[in-house]
file start_27.cif (mmCIF, C-alpha atoms and all ligand atoms; chains and numbers go by the auth columns)
data_entry
loop_
_atom_site.group_PDB
_atom_site.id
_atom_site.type_symbol
_atom_site.label_atom_id
_atom_site.label_comp_id
_atom_site.label_asym_id
_atom_site.label_seq_id
_atom_site.Cartn_x
_atom_site.Cartn_y
_atom_site.Cartn_z
_atom_site.B_iso_or_equiv
_atom_site.auth_seq_id
_atom_site.auth_asym_id
ATOM 1 C CA MET A 1 79.492 109.908 110.547 0.00 1 A
ATOM 2 C CA ILE A 2 82.643 107.883 111.211 0.00 2 A
ATOM 3 C CA THR A 3 85.880 109.778 111.935 0.00 3 A
ATOM 4 C CA LEU A 4 89.189 107.910 112.021 0.00 4 A
ATOM 5 C CA TYR A 5 92.304 109.492 113.540 0.00 5 A
ATOM 6 C CA GLY A 6 95.845 108.395 112.694 0.00 6 A
ATOM 7 C CA THR A 7 98.277 108.279 109.775 0.00 7 A
ATOM 8 C CA ALA A 8 98.306 105.240 107.508 0.00 8 A
ATOM 9 C CA HIS A 9 101.924 104.593 108.533 0.00 9 A
ATOM 10 C CA SER A 10 100.828 103.481 111.986 0.00 10 A
ATOM 11 C CA ARG A 11 98.554 100.861 113.520 0.00 11 A
ATOM 12 C CA THR A 12 95.752 102.966 111.988 0.00 12 A
ATOM 13 C CA HIS A 13 96.298 100.989 108.776 0.00 13 A
ATOM 14 C CA ARG A 14 94.479 98.092 110.473 0.00 14 A
ATOM 15 C CA VAL A 15 91.282 100.134 110.646 0.00 15 A
ATOM 16 C CA LEU A 16 91.758 101.712 107.197 0.00 16 A
ATOM 17 C CA TRP A 17 91.933 98.189 105.796 0.00 17 A
ATOM 18 C CA LEU A 18 88.658 97.162 107.431 0.00 18 A
ATOM 19 C CA LEU A 19 86.845 100.376 106.490 0.00 19 A
ATOM 20 C CA ARG A 20 87.831 99.784 102.859 0.00 20 A
ATOM 21 C CA GLU A 21 86.729 96.134 103.002 0.00 21 A
ATOM 22 C CA LEU A 22 83.362 97.336 104.305 0.00 22 A
ATOM 23 C CA GLY A 23 83.110 100.164 101.763 0.00 23 A
ATOM 24 C CA LEU A 24 82.103 102.601 104.500 0.00 24 A
ATOM 25 C CA ALA A 25 82.296 106.376 104.088 0.00 25 A
ATOM 26 C CA PHE A 26 84.469 108.025 106.728 0.00 26 A
ATOM 27 C CA GLU A 27 86.427 111.141 107.480 0.00 27 A
ATOM 28 C CA HIS A 28 90.152 110.508 107.887 0.00 28 A
ATOM 29 C CA ILE A 29 92.167 112.841 110.122 0.00 29 A
ATOM 30 C CA PRO A 30 95.775 111.671 109.663 0.00 30 A
ATOM 31 C CA THR A 31 96.990 112.533 113.183 0.00 31 A
ATOM 32 C CA ASP A 32 100.753 111.998 112.927 0.00 32 A
ATOM 33 C CA PHE A 33 102.655 110.657 115.913 0.00 33 A
ATOM 34 C CA VAL A 34 106.017 111.462 114.303 0.00 34 A
ATOM 35 C CA THR A 35 105.196 115.179 114.425 0.00 35 A
ATOM 36 C CA ARG A 36 103.583 114.724 117.885 0.00 36 A
ATOM 37 C CA GLU A 37 100.053 115.640 116.797 0.00 37 A
ATOM 38 C CA ASN A 38 99.000 112.789 119.061 0.00 38 A
ATOM 39 C CA ARG A 39 99.996 114.911 122.091 0.00 39 A
ATOM 40 C CA ASP A 40 97.662 117.723 121.098 0.00 40 A
ATOM 41 C CA PRO A 41 94.976 118.383 123.779 0.00 41 A
ATOM 42 C CA ALA A 42 92.244 118.087 121.134 0.00 42 A
ATOM 43 C CA PHE A 43 93.431 114.586 120.251 0.00 43 A
ATOM 44 C CA LEU A 44 93.988 113.607 123.904 0.00 44 A
ATOM 45 C CA ALA A 45 90.314 114.412 124.472 0.00 45 A
ATOM 46 C CA VAL A 46 89.531 111.662 121.930 0.00 46 A
ATOM 47 C CA ASN A 47 92.152 109.182 123.152 0.00 47 A
ATOM 48 C CA PRO A 48 93.706 109.943 126.546 0.00 48 A
ATOM 49 C CA ASN A 49 96.396 107.353 125.736 0.00 49 A
ATOM 50 C CA GLY A 50 97.709 109.720 123.100 0.00 50 A
ATOM 51 C CA ARG A 51 97.963 106.898 120.580 0.00 51 A
ATOM 52 C CA VAL A 52 96.582 106.235 117.139 0.00 52 A
ATOM 53 C CA PRO A 53 94.248 104.941 115.885 0.00 53 A
ATOM 54 C CA ALA A 54 91.117 106.326 117.506 0.00 54 A
ATOM 55 C CA LEU A 55 87.642 106.347 116.030 0.00 55 A
ATOM 56 C CA VAL A 56 84.473 108.327 116.658 0.00 56 A
ATOM 57 C CA ASP A 57 81.184 106.962 115.326 0.00 57 A
ATOM 58 C CA GLY A 58 78.228 109.067 116.413 0.00 58 A
ATOM 59 C CA ASP A 59 78.110 108.897 120.187 0.00 59 A
ATOM 60 C CA ILE A 60 80.765 106.207 120.599 0.00 60 A
ATOM 61 C CA THR A 61 84.495 106.946 120.858 0.00 61 A
ATOM 62 C CA LEU A 62 86.882 104.016 120.655 0.00 62 A
ATOM 63 C CA TRP A 63 90.610 103.359 120.756 0.00 63 A
ATOM 64 C CA GLU A 64 92.598 100.105 120.402 0.00 64 A
ATOM 65 C CA SER A 65 92.857 99.165 116.738 0.00 65 A
ATOM 66 C CA LEU A 66 91.671 95.564 116.969 0.00 66 A
ATOM 67 C CA THR A 67 88.709 96.449 119.180 0.00 67 A
ATOM 68 C CA ILE A 68 87.707 99.186 116.737 0.00 68 A
ATOM 69 C CA ASN A 69 87.687 96.530 114.002 0.00 69 A
ATOM 70 C CA LEU A 70 85.611 94.098 116.052 0.00 70 A
ATOM 71 C CA TYR A 71 83.123 96.911 116.685 0.00 71 A
ATOM 72 C CA LEU A 72 82.942 98.049 113.040 0.00 72 A
ATOM 73 C CA SER A 73 82.534 94.541 111.685 0.00 73 A
ATOM 74 C CA ARG A 74 79.870 93.700 114.244 0.00 74 A
ATOM 75 C CA ARG A 75 77.977 96.899 113.528 0.00 75 A
ATOM 76 C CA TYR A 76 78.387 97.206 109.744 0.00 76 A
ATOM 77 C CA GLY A 77 79.936 93.968 108.505 0.00 77 A
ATOM 78 C CA GLY A 78 78.319 91.473 106.164 0.00 78 A
ATOM 79 C CA GLU A 79 80.411 88.456 105.149 0.00 79 A
ATOM 80 C CA ILE A 80 83.439 89.747 107.032 0.00 80 A
ATOM 81 C CA ALA A 81 81.691 89.855 110.422 0.00 81 A
ATOM 82 C CA ALA A 82 81.867 86.947 112.840 0.00 82 A
ATOM 83 C CA ARG A 83 78.500 85.153 112.889 0.00 83 A
ATOM 84 C CA GLY A 84 76.946 84.178 116.201 0.00 84 A
ATOM 85 C CA PHE A 85 78.318 83.618 119.649 0.00 85 A
ATOM 86 C CA VAL A 86 80.993 81.011 118.856 0.00 86 A
ATOM 87 C CA GLU A 87 82.530 82.874 115.896 0.00 87 A
ATOM 88 C CA GLU A 88 82.414 86.161 117.778 0.00 88 A
ATOM 89 C CA THR A 89 84.226 84.609 120.715 0.00 89 A
ATOM 90 C CA LEU A 90 86.856 83.065 118.443 0.00 90 A
ATOM 91 C CA ALA A 91 87.361 86.384 116.620 0.00 91 A
ATOM 92 C CA MET A 92 87.880 88.023 120.005 0.00 92 A
ATOM 93 C CA GLN A 93 90.274 85.290 121.110 0.00 93 A
ATOM 94 C CA TRP A 94 92.444 85.574 117.998 0.00 94 A
ATOM 95 C CA SER A 95 92.422 89.379 118.140 0.00 95 A
ATOM 96 C CA MET A 96 93.465 89.456 121.788 0.00 96 A
ATOM 97 C CA TRP A 97 96.046 86.787 121.034 0.00 97 A
ATOM 98 C CA ALA A 98 97.488 88.923 118.228 0.00 98 A
ATOM 99 C CA ALA A 99 97.694 91.939 120.530 0.00 99 A
ATOM 100 C CA ALA A 100 99.187 89.980 123.422 0.00 100 A
ATOM 101 C CA GLU A 101 101.432 87.394 121.741 0.00 101 A
ATOM 102 C CA LEU A 102 102.478 89.045 118.462 0.00 102 A
ATOM 103 C CA ASP A 103 102.225 92.817 118.489 0.00 103 A
ATOM 104 C CA LYS A 104 105.020 93.906 120.841 0.00 104 A
ATOM 105 C CA ALA A 105 107.494 91.284 119.683 0.00 105 A
ATOM 106 C CA LEU A 106 106.825 92.149 116.033 0.00 106 A
ATOM 107 C CA PHE A 107 107.384 95.835 116.719 0.00 107 A
ATOM 108 C CA LEU A 108 110.573 95.070 118.640 0.00 108 A
ATOM 109 C CA ALA A 109 111.861 93.237 115.562 0.00 109 A
ATOM 110 C CA ALA A 110 110.545 95.837 113.101 0.00 110 A
ATOM 111 C CA THR A 111 111.913 98.859 114.925 0.00 111 A
ATOM 112 C CA ASN A 112 115.358 97.285 115.159 0.00 112 A
ATOM 113 C CA LEU A 113 115.349 96.053 111.573 0.00 113 A
ATOM 114 C CA ARG A 114 113.835 99.006 109.792 0.00 114 A
ATOM 115 C CA PHE A 115 112.242 101.896 111.682 0.00 115 A
ATOM 116 C CA PHE A 116 115.110 103.004 113.915 0.00 116 A
ATOM 117 C CA ALA A 117 118.095 104.859 112.452 0.00 117 A
ATOM 118 C CA ALA A 118 120.873 102.379 111.649 0.00 118 A
ATOM 119 C CA ALA A 119 123.028 103.487 114.609 0.00 119 A
ATOM 120 C CA ASP A 120 120.181 102.826 117.071 0.00 120 A
ATOM 121 C CA ARG A 121 119.367 99.278 115.937 0.00 121 A
ATOM 122 C CA ASN A 122 120.111 96.379 118.243 0.00 122 A
ATOM 123 C CA PRO A 123 120.499 92.926 116.622 0.00 123 A
ATOM 124 C CA ASP A 124 120.080 91.258 120.046 0.00 124 A
ATOM 125 C CA ASP A 125 116.561 92.693 120.244 0.00 125 A
ATOM 126 C CA VAL A 126 115.758 91.233 116.819 0.00 126 A
ATOM 127 C CA ALA A 127 116.992 87.813 117.928 0.00 127 A
ATOM 128 C CA LEU A 128 114.983 88.028 121.160 0.00 128 A
ATOM 129 C CA ALA A 129 111.839 89.034 119.268 0.00 129 A
ATOM 130 C CA LEU A 130 112.191 86.195 116.762 0.00 130 A
ATOM 131 C CA ARG A 131 112.646 83.694 119.582 0.00 131 A
ATOM 132 C CA LYS A 132 109.559 85.035 121.319 0.00 132 A
ATOM 133 C CA LEU A 133 107.545 84.887 118.072 0.00 133 A
ATOM 134 C CA SER A 134 108.430 81.285 117.254 0.00 134 A
ATOM 135 C CA ARG A 135 105.800 79.876 119.620 0.00 135 A
ATOM 136 C CA PRO A 136 102.766 81.904 118.428 0.00 136 A
ATOM 137 C CA PHE A 137 103.897 81.464 114.800 0.00 137 A
ATOM 138 C CA ALA A 138 103.850 77.681 115.300 0.00 138 A
ATOM 139 C CA VAL A 139 100.399 77.909 116.924 0.00 139 A
ATOM 140 C CA LEU A 140 98.902 79.869 114.017 0.00 140 A
ATOM 141 C CA ASP A 141 100.623 77.649 111.458 0.00 141 A
ATOM 142 C CA GLY A 142 99.154 74.560 113.131 0.00 142 A
ATOM 143 C CA TRP A 143 95.671 76.114 113.269 0.00 143 A
ATOM 144 C CA LEU A 144 95.758 76.968 109.566 0.00 144 A
ATOM 145 C CA THR A 145 97.101 73.606 108.418 0.00 145 A
ATOM 146 C CA ASP A 146 93.594 72.289 107.745 0.00 146 A
ATOM 147 C CA ARG A 147 91.712 75.599 107.485 0.00 147 A
ATOM 148 C CA ARG A 148 91.658 78.154 104.696 0.00 148 A
ATOM 149 C CA TYR A 149 90.906 81.003 107.106 0.00 149 A
ATOM 150 C CA ILE A 150 90.948 81.432 110.871 0.00 150 A
ATOM 151 C CA LEU A 151 87.201 80.849 111.323 0.00 151 A
ATOM 152 C CA GLY A 152 86.947 78.285 108.522 0.00 152 A
ATOM 153 C CA ASP A 153 86.208 78.890 104.868 0.00 153 A
ATOM 154 C CA ARG A 154 85.685 82.644 104.568 0.00 154 A
ATOM 155 C CA PHE A 155 87.798 85.763 105.204 0.00 155 A
ATOM 156 C CA THR A 156 86.594 87.480 108.390 0.00 156 A
ATOM 157 C CA VAL A 157 87.585 90.176 110.833 0.00 157 A
ATOM 158 C CA ALA A 158 89.609 87.531 112.689 0.00 158 A
ATOM 159 C CA ASP A 159 91.866 87.105 109.626 0.00 159 A
ATOM 160 C CA LEU A 160 92.042 90.843 109.057 0.00 160 A
ATOM 161 C CA ASN A 161 93.029 91.621 112.644 0.00 161 A
ATOM 162 C CA VAL A 162 95.690 88.918 112.883 0.00 162 A
ATOM 163 C CA ALA A 163 97.055 89.529 109.367 0.00 163 A
ATOM 164 C CA ALA A 164 97.153 93.300 109.921 0.00 164 A
ATOM 165 C CA VAL A 165 99.309 92.780 113.010 0.00 165 A
ATOM 166 C CA LEU A 166 101.453 90.331 111.037 0.00 166 A
ATOM 167 C CA SER A 167 101.885 92.751 108.125 0.00 167 A
ATOM 168 C CA LEU A 168 105.212 93.679 109.737 0.00 168 A
ATOM 169 C CA VAL A 169 106.424 90.239 108.650 0.00 169 A
ATOM 170 C CA ARG A 170 106.210 91.345 105.012 0.00 170 A
ATOM 171 C CA LEU A 171 107.271 94.912 105.668 0.00 171 A
ATOM 172 C CA CYS A 172 110.483 93.817 107.379 0.00 172 A
ATOM 173 C CA GLY A 173 111.078 90.543 105.542 0.00 173 A
ATOM 174 C CA LEU A 174 110.946 88.438 108.718 0.00 174 A
ATOM 175 C CA PRO A 175 111.784 84.778 108.106 0.00 175 A
ATOM 176 C CA VAL A 176 108.574 82.677 108.101 0.00 176 A
ATOM 177 C CA GLU A 177 109.616 79.737 105.874 0.00 177 A
ATOM 178 C CA PRO A 178 109.230 77.251 108.765 0.00 178 A
ATOM 179 C CA TYR A 179 105.522 78.163 108.904 0.00 179 A
ATOM 180 C CA PRO A 180 104.159 77.371 105.408 0.00 180 A
ATOM 181 C CA ALA A 181 100.438 77.387 106.241 0.00 181 A
ATOM 182 C CA MET A 182 100.708 80.706 108.073 0.00 182 A
ATOM 183 C CA SER A 183 102.876 82.150 105.347 0.00 183 A
ATOM 184 C CA GLN A 184 100.487 81.197 102.528 0.00 184 A
ATOM 185 C CA TRP A 185 97.427 82.453 104.437 0.00 185 A
ATOM 186 C CA LEU A 186 99.210 85.737 105.305 0.00 186 A
ATOM 187 C CA GLY A 187 100.189 86.333 101.679 0.00 187 A
ATOM 188 C CA GLY A 188 96.582 85.849 100.579 0.00 188 A
ATOM 189 C CA CYS A 189 95.255 88.265 103.213 0.00 189 A
ATOM 190 C CA LEU A 190 97.845 90.999 102.562 0.00 190 A
ATOM 191 C CA ASP A 191 97.332 90.766 98.798 0.00 191 A
ATOM 192 C CA ARG A 192 93.703 91.845 99.157 0.00 192 A
ATOM 193 C CA PRO A 193 93.317 95.226 97.410 0.00 193 A
ATOM 194 C CA ALA A 194 91.958 96.916 100.546 0.00 194 A
ATOM 195 C CA ALA A 195 95.092 96.017 102.526 0.00 195 A
ATOM 196 C CA ASP A 196 97.904 97.680 100.707 0.00 196 A
ATOM 197 C CA ASP A 197 98.411 101.170 102.209 0.00 197 A
ATOM 198 C CA TYR A 198 100.791 100.373 105.020 0.00 198 A
ATOM 199 C CA LEU A 199 102.798 97.948 102.966 0.00 199 A
ATOM 200 C CA ARG A 200 104.115 100.786 100.831 0.00 200 A
ATOM 201 C CA LEU A 201 105.329 102.465 104.008 0.00 201 A
ATOM 202 C CA ASP A 202 108.521 104.430 103.734 0.00 202 A
ATOM 203 C CA PHE A 203 109.129 107.002 106.394 0.00 203 A
ATOM 204 C CA LYS A 204 112.033 108.075 108.511 0.00 204 A
ATOM 205 C CA LEU A 205 112.151 108.715 112.229 0.00 205 A
ATOM 206 C CA SER A 206 115.348 110.704 112.017 0.00 206 A
ATOM 207 C CA ARG A 207 113.549 113.938 112.922 0.00 207 A
ATOM 208 C CA LEU A 208 113.117 112.662 116.488 0.00 208 A
ATOM 209 C CA PRO A 209 115.622 112.018 119.256 0.00 209 A
ATOM 210 C CA PRO A 210 116.140 108.238 119.618 0.00 210 A
ATOM 211 C CA GLU A 211 114.874 108.147 123.225 0.00 211 A
ATOM 212 C CA ASN A 212 111.405 108.889 121.853 0.00 212 A
ATOM 213 C CA TYR A 213 111.355 105.952 119.469 0.00 213 A
ATOM 214 C CA ILE A 214 110.655 103.286 122.004 0.00 214 A
ATOM 215 C CA PHE A 215 107.576 105.031 123.366 0.00 215 A
ATOM 216 C CA MET A 216 106.070 105.489 119.949 0.00 216 A
ATOM 217 C CA PHE A 217 105.938 101.830 119.014 0.00 217 A
ATOM 218 C CA LEU A 218 106.224 99.605 122.059 0.00 218 A
HETATM 219 N N1 LIG B . 97.433 98.948 121.315 0.00 301 B
HETATM 220 C C1 LIG B . 97.262 100.159 120.535 0.00 301 B
HETATM 221 C C2 LIG B . 98.638 100.691 120.170 0.00 301 B
HETATM 222 C C3 LIG B . 98.575 102.024 119.439 0.00 301 B
HETATM 223 C C4 LIG B . 99.972 102.588 119.218 0.00 301 B
HETATM 224 O O1 LIG B . 100.942 102.220 119.893 0.00 301 B
HETATM 225 N N2 LIG B . 100.084 103.515 118.266 0.00 301 B
HETATM 226 C C5 LIG B . 101.352 104.166 118.013 0.00 301 B
HETATM 227 C C6 LIG B . 101.585 104.287 116.516 0.00 301 B
HETATM 228 S S1 LIG B . 101.651 102.717 115.713 0.00 301 B
HETATM 229 C C7 LIG B . 101.310 105.573 118.571 0.00 301 B
HETATM 230 O O2 LIG B . 100.302 106.239 118.490 0.00 301 B
HETATM 231 N N3 LIG B . 102.450 106.020 119.116 0.00 301 B
HETATM 232 C C8 LIG B . 102.615 107.368 119.531 0.00 301 B
HETATM 233 C C9 LIG B . 102.933 107.516 120.989 0.00 301 B
HETATM 234 O O3 LIG B . 102.740 106.552 121.754 0.00 301 B
HETATM 235 O O4 LIG B . 103.378 108.602 121.344 0.00 301 B
HETATM 236 C C10 LIG B . 96.422 99.850 119.290 0.00 301 B
HETATM 237 O O5 LIG B . 96.521 98.732 118.760 0.00 301 B
HETATM 238 O O6 LIG B . 95.652 100.709 118.847 0.00 301 B
#
call {"tool": "encode", "arguments": {"input": "start_27.cif", "output": "structure tokens"}}
result
Amino acid sequence: MITLYGTAHSRTHRVLWLLRELGLAFEHIPTDFVTRENRDPAFLAVNPNGRVPALVDGDITLWESLTINLYLSRRYGGEIAARGFVEETLAMQWSMWAAAELDKALFLAATNLRFFAAADRNPDDVALALRKLSRPFAVLDGWLTDRRYILGDRFTVADLNVAAVLSLVRLCGLPVEPYPAMSQWLGGCLDRPAADDYLRLDFKLSRLPPENYIFMFL
């Protein structure tokens, strides 16, 4: 039995998307970081980082959203799984790249454009994030110029992981016109029926003191 912890309005949506693509049965425990359920000792026993998502599948417990997806696709995936050593390595490369080069900068932009209360937003942080993102955006755009998907001609876990991280682009309306190949590919990925939960996100952080915001996302 697969158990997934974390609300859909969090990085947990990355795993929800993959589980739906795979059509797997799972129990969803919507551990909410806004109400601090992630600091509960029972949840810390699952993920000592106190962050969502986390996943338990039989005798394996995993955290880190993109790693969870690589695991699930390798274990249960058909078409969506990377095939063989080279594809698996490339899927890992692009997933680690998304976590290292995109994730924090995207959240810095998103928090200051949308998630933080208006009085706590800092336009300088948005500008810094967009500057930082311009290099990886150009890299992905170049890679996709002559490819339909990241690993070639079919949608795989590599696309899902990178597009799920990039879903903040759509959520916050970040400017991506200078990257037409990336933009078209991203639209196609996010329009998949299994993807849409997080994109309807509308929640407020106003119940929390602002000093907590930064720790919850970055
Ligand atoms: N690198 C982790 C990041 C997980 C993460 O930061 N989750 C946030 C929600 S999107 C969280 O649980 N924040 C609550 C906290 O840190 O207190 C992953 O991709 O799974």
call {"tool": "resolve_selection", "arguments": {"input": "start_27.cif", "expression": "the PyMOL selection byres (((chain A and resi 183) around 12) and not hetatm)", "output": "PyMOL selection string"}}
result
chain A and resi 137-138+140-142+144-145+148+163+166-167+169-170+173-182+184-190
call {"tool": "write_last_selection", "arguments": {"input": "start_27.cif", "atoms": "C-alpha atoms", "output": "PDB file, keeping the file's coordinate frame"}}
result
ATOM      1  CA  PHE A 137     103.897  81.464 114.800  1.00  0.00           C
ATOM      2  CA  ALA A 138     103.850  77.681 115.300  1.00  0.00           C
ATOM      3  CA  LEU A 140      98.902  79.869 114.017  1.00  0.00           C
ATOM      4  CA  ASP A 141     100.623  77.649 111.458  1.00  0.00           C
ATOM      5  CA  GLY A 142      99.154  74.560 113.131  1.00  0.00           C
ATOM      6  CA  LEU A 144      95.758  76.968 109.566  1.00  0.00           C
ATOM      7  CA  THR A 145      97.101  73.606 108.418  1.00  0.00           C
ATOM      8  CA  ARG A 148      91.658  78.154 104.696  1.00  0.00           C
ATOM      9  CA  ALA A 163      97.055  89.529 109.367  1.00  0.00           C
ATOM     10  CA  LEU A 166     101.453  90.331 111.037  1.00  0.00           C
ATOM     11  CA  SER A 167     101.885  92.751 108.125  1.00  0.00           C
ATOM     12  CA  VAL A 169     106.424  90.239 108.650  1.00  0.00           C
ATOM     13  CA  ARG A 170     106.210  91.345 105.012  1.00  0.00           C
ATOM     14  CA  GLY A 173     111.078  90.543 105.542  1.00  0.00           C
ATOM     15  CA  LEU A 174     110.946  88.438 108.718  1.00  0.00           C
ATOM     16  CA  PRO A 175     111.784  84.778 108.106  1.00  0.00           C
ATOM     17  CA  VAL A 176     108.574  82.677 108.101  1.00  0.00           C
ATOM     18  CA  GLU A 177     109.616  79.737 105.874  1.00  0.00           C
ATOM     19  CA  PRO A 178     109.230  77.251 108.765  1.00  0.00           C
ATOM     20  CA  TYR A 179     105.522  78.163 108.904  1.00  0.00           C
ATOM     21  CA  PRO A 180     104.159  77.371 105.408  1.00  0.00           C
ATOM     22  CA  ALA A 181     100.438  77.387 106.241  1.00  0.00           C
ATOM     23  CA  MET A 182     100.708  80.706 108.073  1.00  0.00           C
ATOM     24  CA  GLN A 184     100.487  81.197 102.528  1.00  0.00           C
ATOM     25  CA  TRP A 185      97.427  82.453 104.437  1.00  0.00           C
ATOM     26  CA  LEU A 186      99.210  85.737 105.305  1.00  0.00           C
ATOM     27  CA  GLY A 187     100.189  86.333 101.679  1.00  0.00           C
ATOM     28  CA  GLY A 188      96.582  85.849 100.579  1.00  0.00           C
ATOM     29  CA  CYS A 189      95.255  88.265 103.213  1.00  0.00           C
ATOM     30  CA  LEU A 190      97.845  90.999 102.562  1.00  0.00           C
TER      31      LEU A 190
END
call {"tool": "closest_residue", "arguments": {"input": "start_27.cif", "among": "A:Thr12, A:Asn49, A:Thr3, A:Ser65", "to": "ligand LIG 301 (chain B)", "atoms": "all atoms listed in the file"}}
result
A:Ser65
call {"tool": "closest_residue", "arguments": {"input": "start_27.cif", "among": "A:Glu64, A:Glu79, A:Asp159, A:Asp57", "to": "Leu4 of chain A", "atoms": "only C-alpha atoms"}}
result
A:Asp57
call {"tool": "closest_residue", "arguments": {"input": "start_27.cif", "among": "A:Ala119, A:Val52, A:Leu108, A:Ala158", "to": "ligand LIG 301 (chain B)", "atoms": "all atoms listed in the file"}}
result
A:Val52
call {"tool": "residues_near_point", "arguments": {"input": "start_27.cif", "point": "(95.7, 97.5, 105.1)", "cutoff": "9 Å", "atoms": "all atoms listed in the file", "output": "list in words"}}
result
Ala8, Thr12, His13, Arg14, Val15, Leu16, Trp17, Leu18, Arg20, Leu160, Ala164, Ser167, Leu190, Arg192, Pro193, Ala194, Ala195, Asp196, Asp197, Tyr198 and Leu199 of chain A
call {"tool": "residues_around", "arguments": {"input": "start_27.cif", "residues": "Gly78 of chain A", "least_positions_apart": "4", "cutoff": "12 Å", "atoms": "only C-alpha atoms", "output": "list in words"}}
result
Leu18, Glu21, Leu22, Gly23, Leu24, Leu72, Ser73, Arg74, Ala82, Arg83, Arg154, Phe155, Thr156 and Val157 of chain A
call {"tool": "closest_residue", "arguments": {"input": "start_27.cif", "among": "A:Leu133, A:Ala54, A:Ala91, A:Ala25", "to": "ligand LIG 301 (chain B)", "atoms": "only C-alpha atoms and all ligand atoms"}}
result
A:Ala54
call {"tool": "atom_distance", "arguments": {"input": "start_27.cif", "atom1": "atom CA of Leu128 of chain A", "atom2": "atom CA of Pro53 of chain A"}}
result
27.3 Å
call {"tool": "closest_residue", "arguments": {"input": "start_27.cif", "among": "A:Leu151, A:Val86, A:Ala105, A:Arg114", "to": "Ala127 of chain A", "atoms": "all atoms listed in the file"}}
result
A:Ala105
call {"tool": "atom_distance", "arguments": {"input": "start_27.cif", "atom1": "atom CA of Asp146 of chain A", "atom2": "atom CA of Ala129 of chain A"}}
result
27.3 Å
call {"tool": "closest_residue", "arguments": {"input": "start_27.cif", "among": "A:Ala109, A:Ala100, A:Ile2, A:Ile29", "to": "ligand LIG 301 (chain B)", "atoms": "all atoms listed in the file"}}
result
A:Ala100
call {"tool": "axis_aligned_box", "arguments": {"input": "start_27.cif", "around": "segment 67-75 of chain A", "padding_each_side": "4 Å", "output": "AutoDock Vina command-line options"}}
result
--center_x 83.3 --center_y 96.4 --center_z 115.4 --size_x 18.7 --size_y 13.5 --size_z 15.5
call {"tool": "atom_distance", "arguments": {"input": "start_27.cif", "atom1": "atom CA of Tyr5 of chain A", "atom2": "atom O2 of ligand LIG 301 (chain B)"}}
result
10.0 Å
call {"tool": "resolve_selection", "arguments": {"input": "start_27.cif", "expression": "the PyMOL selection byres (((chain A and resi 121) around 12) and not hetatm)", "output": "JSON, numbers by chain"}}
result
{"A": [108, 109, 110, 111, 112, 113, 114, 115, 116, 117, 118, 119, 120, 122, 123, 124, 125, 126, 127, 210, 213, 214]}
call {"tool": "write_last_selection", "arguments": {"input": "start_27.cif", "atoms": "C-alpha atoms", "output": "short mmCIF file (atom, residue, chain, number, x, y, z; two decimals), keeping the file's coordinate frame"}}
result
data_model
loop_
_atom_site.label_atom_id
_atom_site.label_comp_id
_atom_site.auth_asym_id
_atom_site.auth_seq_id
_atom_site.Cartn_x
_atom_site.Cartn_y
_atom_site.Cartn_z
CA LEU A 108 110.57 95.07 118.64
CA ALA A 109 111.86 93.24 115.56
CA ALA A 110 110.54 95.84 113.10
CA THR A 111 111.91 98.86 114.92
CA ASN A 112 115.36 97.28 115.16
CA LEU A 113 115.35 96.05 111.57
CA ARG A 114 113.84 99.01 109.79
CA PHE A 115 112.24 101.90 111.68
CA PHE A 116 115.11 103.00 113.92
CA ALA A 117 118.10 104.86 112.45
CA ALA A 118 120.87 102.38 111.65
CA ALA A 119 123.03 103.49 114.61
CA ASP A 120 120.18 102.83 117.07
CA ASN A 122 120.11 96.38 118.24
CA PRO A 123 120.50 92.93 116.62
CA ASP A 124 120.08 91.26 120.05
CA ASP A 125 116.56 92.69 120.24
CA VAL A 126 115.76 91.23 116.82
CA ALA A 127 116.99 87.81 117.93
CA PRO A 210 116.14 108.24 119.62
CA TYR A 213 111.36 105.95 119.47
CA ILE A 214 110.66 103.29 122.00
#
call {"tool": "residues_around", "arguments": {"input": "start_27.cif", "residues": "Pro136 of chain A", "least_positions_apart": "6", "cutoff": "10 Å", "atoms": "only C-alpha atoms", "output": "list in words"}}
result
Trp97, Ala98, Glu101, Leu102 and Gly142 of chain A
call {"tool": "resolve_selection", "arguments": {"input": "start_27.cif", "expression": "the PyMOL selection byres (((chain A and resi 47) around 12) and not hetatm)", "output": "MDAnalysis selection string"}}
result
chainID A and resid 4:6 31 38:46 48:56 61:65
